[in-house]
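Novice: Below is the file model-v3.pdb, which contains PDB, C-alpha atoms, pLDDT in the B column.
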```
ATOM      1  CA  MET A   1     -13.603 -10.823 -11.349  1.00 66.00           C
ATOM      2  CA  ALA A   2     -10.273 -11.674  -9.746  1.00 84.00           C
ATOM      3  CA  GLN A   3      -9.668 -15.021  -8.096  1.00 90.00           C
ATOM      4  CA  VAL A   4      -7.210 -15.906  -5.378  1.00 90.00           C
ATOM      5  CA  SER A   5      -6.028 -19.190  -3.914  1.00 90.00           C
ATOM      6  CA  THR A   6      -7.093 -20.032  -0.348  1.00 88.00           C
ATOM      7  CA  ASN A   7      -3.348 -20.179   0.421  1.00 87.00           C
ATOM      8  CA  ASP A   8      -3.168 -16.397  -0.207  1.00 89.00           C
ATOM      9  CA  LEU A   9      -6.014 -15.297   2.098  1.00 89.00           C
ATOM     10  CA  LYS A  10      -5.414 -12.315   4.395  1.00 89.00           C
ATOM     11  CA  ASN A  11      -7.438 -10.781   7.246  1.00 85.00           C
ATOM     12  CA  GLY A  12      -9.811  -8.085   5.980  1.00 80.00           C
ATOM     13  CA  MET A  13      -9.888  -9.449   2.423  1.00 87.00           C
ATOM     14  CA  ALA A  14     -13.363  -9.258   0.788  1.00 88.00           C
ATOM     15  CA  LEU A  15     -14.663 -12.422  -0.907  1.00 91.00           C
ATOM     16  CA  ASP A  16     -17.648 -12.897  -3.207  1.00 89.00           C
ATOM     17  CA  LEU A  17     -19.441 -16.081  -2.106  1.00 89.00           C
ATOM     18  CA  PRO A  18     -22.929 -17.419  -2.976  1.00 88.00           C
ATOM     19  CA  GLU A  19     -24.160 -16.057   0.434  1.00 85.00           C
ATOM     20  CA  GLY A  20     -23.013 -12.558  -0.564  1.00 86.00           C
ATOM     21  CA  LEU A  21     -20.021 -10.372   0.159  1.00 89.00           C
ATOM     22  CA  VAL A  22     -17.954 -11.513   3.172  1.00 90.00           C
ATOM     23  CA  THR A  23     -14.703 -10.380   4.771  1.00 87.00           C
ATOM     24  CA  VAL A  24     -12.059 -12.682   6.215  1.00 89.00           C
ATOM     25  CA  VAL A  25     -11.976 -12.204  10.002  1.00 87.00           C
ATOM     26  CA  GLU A  26      -9.525 -15.000  10.738  1.00 91.00           C
ATOM     27  CA  PHE A  27      -7.842 -17.825   8.835  1.00 92.00           C
ATOM     28  CA  GLN A  28      -5.587 -20.725   9.706  1.00 93.00           C
ATOM     29  CA  HIS A  29      -3.615 -22.940   7.321  1.00 92.00           C
ATOM     30  CA  VAL A  30      -3.684 -26.529   8.661  1.00 91.00           C
ATOM     31  CA  LYS A  31      -1.417 -29.364   7.489  1.00 91.00           C
ATOM     32  CA  PRO A  32      -2.511 -32.550   9.259  1.00 90.00           C
ATOM     33  CA  GLY A  33      -0.227 -35.616   9.445  1.00 89.00           C
ATOM     34  CA  LYS A  34      -2.590 -37.557   7.193  1.00 88.00           C
ATOM     35  CA  GLY A  35      -4.504 -36.206   4.211  1.00 88.00           C
ATOM     36  CA  GLY A  36      -4.296 -32.914   2.353  1.00 90.00           C
ATOM     37  CA  ALA A  37      -3.781 -29.469   3.797  1.00 92.00           C
ATOM     38  CA  PHE A  38      -6.789 -27.207   4.327  1.00 93.00           C
ATOM     39  CA  VAL A  39      -7.610 -23.644   5.331  1.00 93.00           C
ATOM     40  CA  ARG A  40      -9.988 -22.972   8.233  1.00 94.00           C
ATOM     41  CA  THR A  41     -11.627 -19.530   8.005  1.00 93.00           C
ATOM     42  CA  LYS A  42     -13.969 -17.257   9.949  1.00 93.00           C
ATOM     43  CA  LEU A  43     -15.984 -15.110   7.533  1.00 92.00           C
ATOM     44  CA  LYS A  44     -18.215 -12.125   8.353  1.00 88.00           C
ATOM     45  CA  ASN A  45     -21.106 -11.209   6.051  1.00 88.00           C
ATOM     46  CA  VAL A  46     -20.694  -7.511   5.217  1.00 82.00           C
ATOM     47  CA  VAL A  47     -24.444  -6.788   5.044  1.00 76.00           C
ATOM     48  CA  THR A  48     -25.875  -8.898   7.903  1.00 79.00           C
ATOM     49  CA  GLY A  49     -22.803  -9.004  10.183  1.00 78.00           C
ATOM     50  CA  LYS A  50     -23.272 -12.768  10.681  1.00 87.00           C
ATOM     51  CA  VAL A  51     -20.007 -14.675  11.260  1.00 90.00           C
ATOM     52  CA  VAL A  52     -19.648 -18.207   9.852  1.00 92.00           C
ATOM     53  CA  ASP A  53     -16.854 -20.789   9.968  1.00 94.00           C
ATOM     54  CA  ARG A  54     -15.858 -22.247   6.615  1.00 93.00           C
ATOM     55  CA  THR A  55     -13.184 -24.806   5.674  1.00 93.00           C
ATOM     56  CA  TYR A  56     -11.564 -24.984   2.210  1.00 92.00           C
ATOM     57  CA  ASN A  57      -9.070 -27.388   0.668  1.00 92.00           C
ATOM     58  CA  ALA A  58      -5.673 -25.714   0.268  1.00 90.00           C
ATOM     59  CA  GLY A  59      -5.266 -24.187  -3.188  1.00 90.00           C
ATOM     60  CA  THR A  60      -9.003 -23.766  -3.887  1.00 91.00           C
ATOM     61  CA  LYS A  61      -9.779 -20.667  -5.980  1.00 93.00           C
ATOM     62  CA  ILE A  62     -12.176 -18.060  -4.502  1.00 92.00           C
ATOM     63  CA  ASP A  63     -13.586 -14.869  -6.085  1.00 92.00           C
ATOM     64  CA  VAL A  64     -12.185 -11.691  -4.520  1.00 91.00           C
ATOM     65  CA  GLU A  65     -14.062  -8.376  -4.492  1.00 89.00           C
ATOM     66  CA  ASN A  66     -12.543  -4.920  -4.316  1.00 87.00           C
ATOM     67  CA  VAL A  67     -13.773  -2.905  -1.319  1.00 84.00           C
ATOM     68  CA  ASP A  68     -12.784   0.754  -1.256  1.00 87.00           C
ATOM     69  CA  ARG A  69     -12.682   2.315   2.234  1.00 86.00           C
ATOM     70  CA  ARG A  70     -12.576   6.109   2.348  1.00 90.00           C
ATOM     71  CA  ASP A  71     -13.182   8.838   4.905  1.00 92.00           C
ATOM     72  CA  TYR A  72     -16.371  10.846   4.548  1.00 95.00           C
ATOM     73  CA  GLN A  73     -17.759  13.721   6.605  1.00 95.00           C
ATOM     74  CA  TYR A  74     -21.302  13.370   7.948  1.00 94.00           C
ATOM     75  CA  LEU A  75     -23.360  16.432   6.976  1.00 95.00           C
ATOM     76  CA  TYR A  76     -27.037  15.963   7.877  1.00 93.00           C
ATOM     77  CA  ARG A  77     -30.011  13.612   7.926  1.00 91.00           C
ATOM     78  CA  ASP A  78     -32.507  13.831   5.044  1.00 91.00           C
ATOM     79  CA  GLY A  79     -35.586  11.714   5.780  1.00 90.00           C
ATOM     80  CA  ASP A  80     -34.406   8.085   5.964  1.00 91.00           C
ATOM     81  CA  ASP A  81     -31.031   8.923   4.422  1.00 93.00           C
ATOM     82  CA  PHE A  82     -27.824  10.143   6.023  1.00 94.00           C
ATOM     83  CA  VAL A  83     -25.878  12.517   3.763  1.00 95.00           C
ATOM     84  CA  PHE A  84     -22.079  12.210   3.763  1.00 95.00           C
ATOM     85  CA  MET A  85     -19.497  14.227   1.825  1.00 95.00           C
ATOM     86  CA  ASP A  86     -16.297  12.891   0.268  1.00 91.00           C
ATOM     87  CA  THR A  87     -13.578  15.051   1.850  1.00 88.00           C
ATOM     88  CA  THR A  88     -11.438  15.047  -1.320  1.00 89.00           C
ATOM     89  CA  THR A  89     -14.010  15.583  -4.117  1.00 91.00           C
ATOM     90  CA  TYR A  90     -16.737  17.332  -2.026  1.00 91.00           C
ATOM     91  CA  GLU A  91     -19.273  14.998  -3.665  1.00 92.00           C
ATOM     92  CA  GLN A  92     -22.314  14.293  -1.487  1.00 94.00           C
ATOM     93  CA  LEU A  93     -23.448  10.720  -0.918  1.00 93.00           C
ATOM     94  CA  PRO A  94     -26.868   9.828   0.568  1.00 94.00           C
ATOM     95  CA  ILE A  95     -26.763   6.527   2.487  1.00 92.00           C
ATOM     96  CA  PRO A  96     -29.937   4.723   3.680  1.00 91.00           C
ATOM     97  CA  ALA A  97     -30.466   4.349   7.436  1.00 89.00           C
ATOM     98  CA  ALA A  98     -30.369   0.528   7.084  1.00 84.00           C
ATOM     99  CA  THR A  99     -26.786   0.733   5.747  1.00 85.00           C
ATOM    100  CA  VAL A 100     -25.686   3.198   8.453  1.00 87.00           C
ATOM    101  CA  GLY A 101     -27.069   0.834  11.125  1.00 84.00           C
ATOM    102  CA  THR A 102     -26.129   1.378  14.773  1.00 85.00           C
ATOM    103  CA  ALA A 103     -23.525   4.002  13.804  1.00 88.00           C
ATOM    104  CA  ALA A 104     -26.481   6.436  13.592  1.00 90.00           C
ATOM    105  CA  ASN A 105     -26.633   6.432  17.412  1.00 91.00           C
ATOM    106  CA  PHE A 106     -23.229   8.135  17.615  1.00 92.00           C
ATOM    107  CA  LEU A 107     -23.130  10.374  14.500  1.00 91.00           C
ATOM    108  CA  LEU A 108     -22.764  14.119  14.950  1.00 89.00           C
ATOM    109  CA  GLU A 109     -22.694  16.684  12.157  1.00 91.00           C
ATOM    110  CA  ASN A 110     -19.204  17.263  10.673  1.00 92.00           C
ATOM    111  CA  GLN A 111     -17.939  13.987  12.195  1.00 92.00           C
ATOM    112  CA  THR A 112     -15.619  11.833  10.073  1.00 93.00           C
ATOM    113  CA  ALA A 113     -16.632   8.245   9.315  1.00 93.00           C
ATOM    114  CA  THR A 114     -15.127   5.527   7.122  1.00 91.00           C
ATOM    115  CA  ILE A 115     -17.460   4.181   4.449  1.00 90.00           C
ATOM    116  CA  ALA A 116     -16.747   0.898   2.665  1.00 86.00           C
ATOM    117  CA  MET A 117     -17.843   0.911  -0.993  1.00 87.00           C
ATOM    118  CA  ASN A 118     -18.108  -1.924  -3.507  1.00 85.00           C
ATOM    119  CA  ASN A 119     -18.957  -1.056  -7.138  1.00 84.00           C
ATOM    120  CA  ASP A 120     -20.177   2.393  -5.961  1.00 84.00           C
ATOM    121  CA  ASN A 121     -22.597   0.769  -3.474  1.00 85.00           C
ATOM    122  CA  PRO A 122     -22.102   1.686   0.197  1.00 88.00           C
ATOM    123  CA  LEU A 123     -21.700  -1.487   2.286  1.00 83.00           C
ATOM    124  CA  TYR A 124     -21.329  -0.149   5.837  1.00 82.00           C
ATOM    125  CA  VAL A 125     -20.352   2.905   7.885  1.00 87.00           C
ATOM    126  CA  GLU A 126     -17.537   2.551  10.409  1.00 87.00           C
ATOM    127  CA  LEU A 127     -16.904   5.017  13.229  1.00 89.00           C
ATOM    128  CA  PRO A 128     -13.844   5.326  15.482  1.00 89.00           C
ATOM    129  CA  ALA A 129     -13.826   2.856  18.419  1.00 89.00           C
ATOM    130  CA  SER A 130     -15.020   5.604  20.769  1.00 91.00           C
ATOM    131  CA  VAL A 131     -16.592   9.057  20.497  1.00 91.00           C
ATOM    132  CA  VAL A 132     -17.078  11.948  22.925  1.00 92.00           C
ATOM    133  CA  LEU A 133     -20.711  13.056  23.325  1.00 92.00           C
ATOM    134  CA  GLU A 134     -22.517  15.400  25.704  1.00 93.00           C
ATOM    135  CA  VAL A 135     -25.231  14.199  28.094  1.00 92.00           C
ATOM    136  CA  THR A 136     -28.337  16.288  27.289  1.00 93.00           C
ATOM    137  CA  TYR A 137     -30.554  14.831  30.022  1.00 92.00           C
ATOM    138  CA  THR A 138     -30.166  12.644  33.089  1.00 89.00           C
ATOM    139  CA  GLU A 139     -31.760  12.619  36.528  1.00 87.00           C
ATOM    140  CA  PRO A 140     -29.825  14.769  39.029  1.00 83.00           C
ATOM    141  CA  GLY A 141     -27.293  12.946  41.206  1.00 68.00           C
ATOM    142  CA  LEU A 142     -27.769  12.779  44.955  1.00 65.00           C
ATOM    143  CA  GLN A 143     -25.239  13.616  47.660  1.00 59.00           C
ATOM    144  CA  GLY A 144     -23.113  10.561  48.405  1.00 59.00           C
ATOM    145  CA  ASP A 145     -23.539   8.866  44.991  1.00 53.00           C
ATOM    146  CA  ARG A 146     -20.341   7.082  44.015  1.00 60.00           C
ATOM    147  CA  SER A 147     -19.149   5.551  40.751  1.00 53.00           C
ATOM    148  CA  SER A 148     -19.461   2.023  42.174  1.00 60.00           C
ATOM    149  CA  ALA A 149     -23.013   2.498  43.501  1.00 67.00           C
ATOM    150  CA  GLY A 150     -24.860   1.790  40.246  1.00 79.00           C
ATOM    151  CA  THR A 151     -26.040   3.371  37.029  1.00 84.00           C
ATOM    152  CA  LYS A 152     -28.869   5.508  35.669  1.00 87.00           C
ATOM    153  CA  PRO A 153     -30.106   6.244  32.129  1.00 91.00           C
ATOM    154  CA  ALA A 154     -28.738   9.303  30.313  1.00 92.00           C
ATOM    155  CA  THR A 155     -29.737  10.748  26.937  1.00 93.00           C
ATOM    156  CA  LEU A 156     -26.855  11.821  24.668  1.00 93.00           C
ATOM    157  CA  GLU A 157     -26.866  14.731  22.208  1.00 92.00           C
ATOM    158  CA  THR A 158     -27.605  12.269  19.368  1.00 91.00           C
ATOM    159  CA  GLY A 159     -30.784  11.121  21.149  1.00 91.00           C
ATOM    160  CA  TYR A 160     -29.305   7.731  22.078  1.00 93.00           C
ATOM    161  CA  GLU A 161     -29.736   6.556  25.686  1.00 93.00           C
ATOM    162  CA  ILE A 162     -26.941   4.832  27.657  1.00 93.00           C
ATOM    163  CA  GLN A 163     -26.321   3.828  31.275  1.00 91.00           C
ATOM    164  CA  VAL A 164     -23.963   6.122  33.210  1.00 89.00           C
ATOM    165  CA  PRO A 165     -22.750   6.273  36.844  1.00 86.00           C
ATOM    166  CA  LEU A 166     -25.065   7.997  39.329  1.00 84.00           C
ATOM    167  CA  PHE A 167     -22.759  11.004  39.902  1.00 83.00           C
ATOM    168  CA  LEU A 168     -22.905  12.259  36.280  1.00 85.00           C
ATOM    169  CA  GLU A 169     -25.008  15.337  35.540  1.00 87.00           C
ATOM    170  CA  THR A 170     -26.597  16.940  32.478  1.00 89.00           C
ATOM    171  CA  GLY A 171     -24.008  18.782  30.371  1.00 90.00           C
ATOM    172  CA  THR A 172     -21.157  16.365  31.155  1.00 91.00           C
ATOM    173  CA  LYS A 173     -19.102  15.113  28.202  1.00 93.00           C
ATOM    174  CA  VAL A 174     -18.666  11.323  28.167  1.00 93.00           C
ATOM    175  CA  LYS A 175     -16.652   8.853  26.105  1.00 94.00           C
ATOM    176  CA  VAL A 176     -18.825   6.116  24.547  1.00 93.00           C
ATOM    177  CA  ASP A 177     -17.803   2.839  22.861  1.00 92.00           C
ATOM    178  CA  THR A 178     -19.342   2.902  19.348  1.00 88.00           C
ATOM    179  CA  ARG A 179     -19.395  -0.896  19.026  1.00 85.00           C
ATOM    180  CA  SER A 180     -21.299  -1.690  22.236  1.00 87.00           C
ATOM    181  CA  GLY A 181     -22.793   1.670  23.274  1.00 88.00           C
ATOM    182  CA  ALA A 182     -21.124   1.358  26.683  1.00 90.00           C
ATOM    183  CA  TYR A 183     -20.038   4.298  28.860  1.00 91.00           C
ATOM    184  CA  LEU A 184     -16.224   4.450  28.946  1.00 92.00           C
ATOM    185  CA  GLY A 185     -15.583   7.485  31.110  1.00 90.00           C
ATOM    186  CA  ARG A 186     -15.997  11.181  31.748  1.00 90.00           C
ATOM    187  CA  VAL A 187     -14.135  13.699  29.589  1.00 89.00           C
ATOM    188  CA  SER A 188     -13.139  17.024  31.139  1.00 81.00           C
TER     189      SER A 188
END
```
Can you dump the structure from the file as structure tokens?

Specialist:
Amino acid sequence: MAQVSTNDLKNGMALDLPEGLVTVVEFQHVKPGKGGAFVRTKLKNVVTGKVVDRTYNAGTKIDVENVDRRDYQYLYRDGDDFVFMDTTTYEQLPIPAATVGTAANFLLENQTATIAMNNDNPLYVELPASVVLEVTYTEPGLQGDRSSAGTKPATLETGYEIQVPLFLETGTKVKVDTRSGAYLGRVS
């Protein structure tokens, strides 16, 4: 396993700590007037998503893990697994629903997703920041409804339900934020 000095940390780098695999979200090298230099870091657990603050003495050695991020095409759902295909080798990869997480709410067949792998184990599935989905059901809008008047629930083609403005109707294509599930706008 490779080791790196805390002085050489970079954002996005994957580290192998006793708590599990983490990625560096943020780091800051601090040289106080008195005492030794240190590195203040914000680390995100790859599996749980929990973010922790950690401080290391400058020059401390930390184990680094190799995380391979590649584009895969989502094919279909098979029981509790989501089946993806490597777009270069055409090899199919079943990924458990727990690993896919909230990305399942926005996945459509033939959609491209980035999958992070470590030692041939899928860590997480990452979608683009926003996706365009069709509203399959929502209550009809009433005459005079405006975008600032409020929201109503709408079911998307993936089965996920979001809040949309009152004027939207069934069959409308909408842009949705994949991180928060928020309505971003109408797509014509």

Novice: Got a sec: who's within 10 Å of A:Pro122, counting only C-alpha atoms, leaving out chain neighbours fewer than 2 positions off, as a list of chain:residue names?

Specialist: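 With the cut-off at 10 Å, the set is A:Val67, A:Asp68, A:Arg69, A:Leu93, A:Pro94, A:Ile95, A:Pro96, A:Thr99, A:Val100, A:Ile115, A:Ala116, A:Met117, A:Asn118, A:Asn119, A:Asp120, A:Tyr124, A:Val125.
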
Novice: Could you expand the PyMOL selection byres ((chain A and resi 139) around 8) into the explicit residues it covers here, written as a list in words?

Specialist: Tyr137, Thr138, Pro140, Gly141, Lys152, Pro153, Ala154, Glu169 and Thr170 of chain A

Novice: Would you kindly return, as a list in words, each protein, DNA or RNA residue with an atom no farther than 8 Å from any atom of A:Phe27, considering all atoms listed in the file and excluding same-chain residues fewer than 2 positions away?

Specialist: Leu9, Lys10, Asn11, Val24, Val25, His29, Val39, Arg40, Thr41 and Lys42 of chain A

Novice: What is the distance, in Å and to one decimal place, between atom CA of A:Val176 and atom CA of A:Thr48?

Specialist: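 Result for atom CA of A:Val176 versus atom CA of A:Thr48: 23.5 Å, one decimal.
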
Novice: Up to 12 Å from (-20.7, -4.4, 17.8) in the file's coordinates: name the residues, counting only C-alpha atoms, as a ChimeraX atom specification.

Specialist: /A:49-50,101-103,126-127,129-130,177-182

Novice: Which residues are near A:Thr6? Cut-off 7 Å, all atoms listed in the file, ignore same chain within fewer than 3 positions. Put them as a VMD selection string.

Specialist: chain A and resid 9 39 58 to 62

Novice: What gap, in Å, lies between atom CA of A:Asp71 and atom CA of A:Gln111?

Specialist: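 Interatomic distance, atom CA of A:Asp71 to atom CA of A:Gln111: 10.1 Å.
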
Novice: To one decimal in Å, tell me the separation between atom CA of A:Val51 and atom CA of A:Gly36.

Specialist: 25.7 Å

Novice: For A:Leu43, which residue among A:Asn66, A:Thr55, A:Thr23, A:Thr155 is the nearest when counting all atoms listed in the file?

Specialist: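 Ranked by minimum distance to A:Leu43, first place goes to A:Thr23.
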
Novice: On this structure, which residues satisfy the PyMOL selection byres ((chain A and resi 72) around 10), written as a list in words?

Specialist: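 Matching residues under the PyMOL selection byres ((chain A and resi 72) around 10) are Arg69, Arg70, Asp71, Gln73, Tyr74, Leu75, Val83, Phe84, Met85, Asp86, Thr87, Thr88, Tyr90, Glu91, Gln92, Leu93, Asn110, Gln111, Thr112, Ala113, Thr114, Ile115 and Val125 of chain A.
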
Novice: For each of A:Tyr183, A:Gly150, A:Val47, A:Asp81, take the minimum atom-to-atom distance to A:Phe167, counting all atoms listed in the file, then give the residue where this is smallest.

Specialist: A:Gly150

Novice: Looking at only C-alpha atoms, which of A:Asn57, A:Gly171, A:Asn105, A:Pro128 is the one that sits closest to A:Ala37?

Specialist: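 Counting only C-alpha atoms, the residue closest to A:Ala37 is A:Asn57.
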
Novice: Could you tell me which of A:Val64, A:Leu21, A:Val135, A:Leu156 comes closest to A:Asp8 if we count only C-alpha atoms?

Specialist: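 Of A:Val64, A:Leu21, A:Val135, A:Leu156, the one nearest A:Asp8 is A:Val64, counting only C-alpha atoms.
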
Novice: Which residue out of A:Lys31, A:Gly20, A:Phe38, A:Glu26 has the minimum interatomic distance to A:Ser5 when only C-alpha atoms are used?

Specialist: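 For A:Ser5, the nearest of the candidates is A:Phe38.
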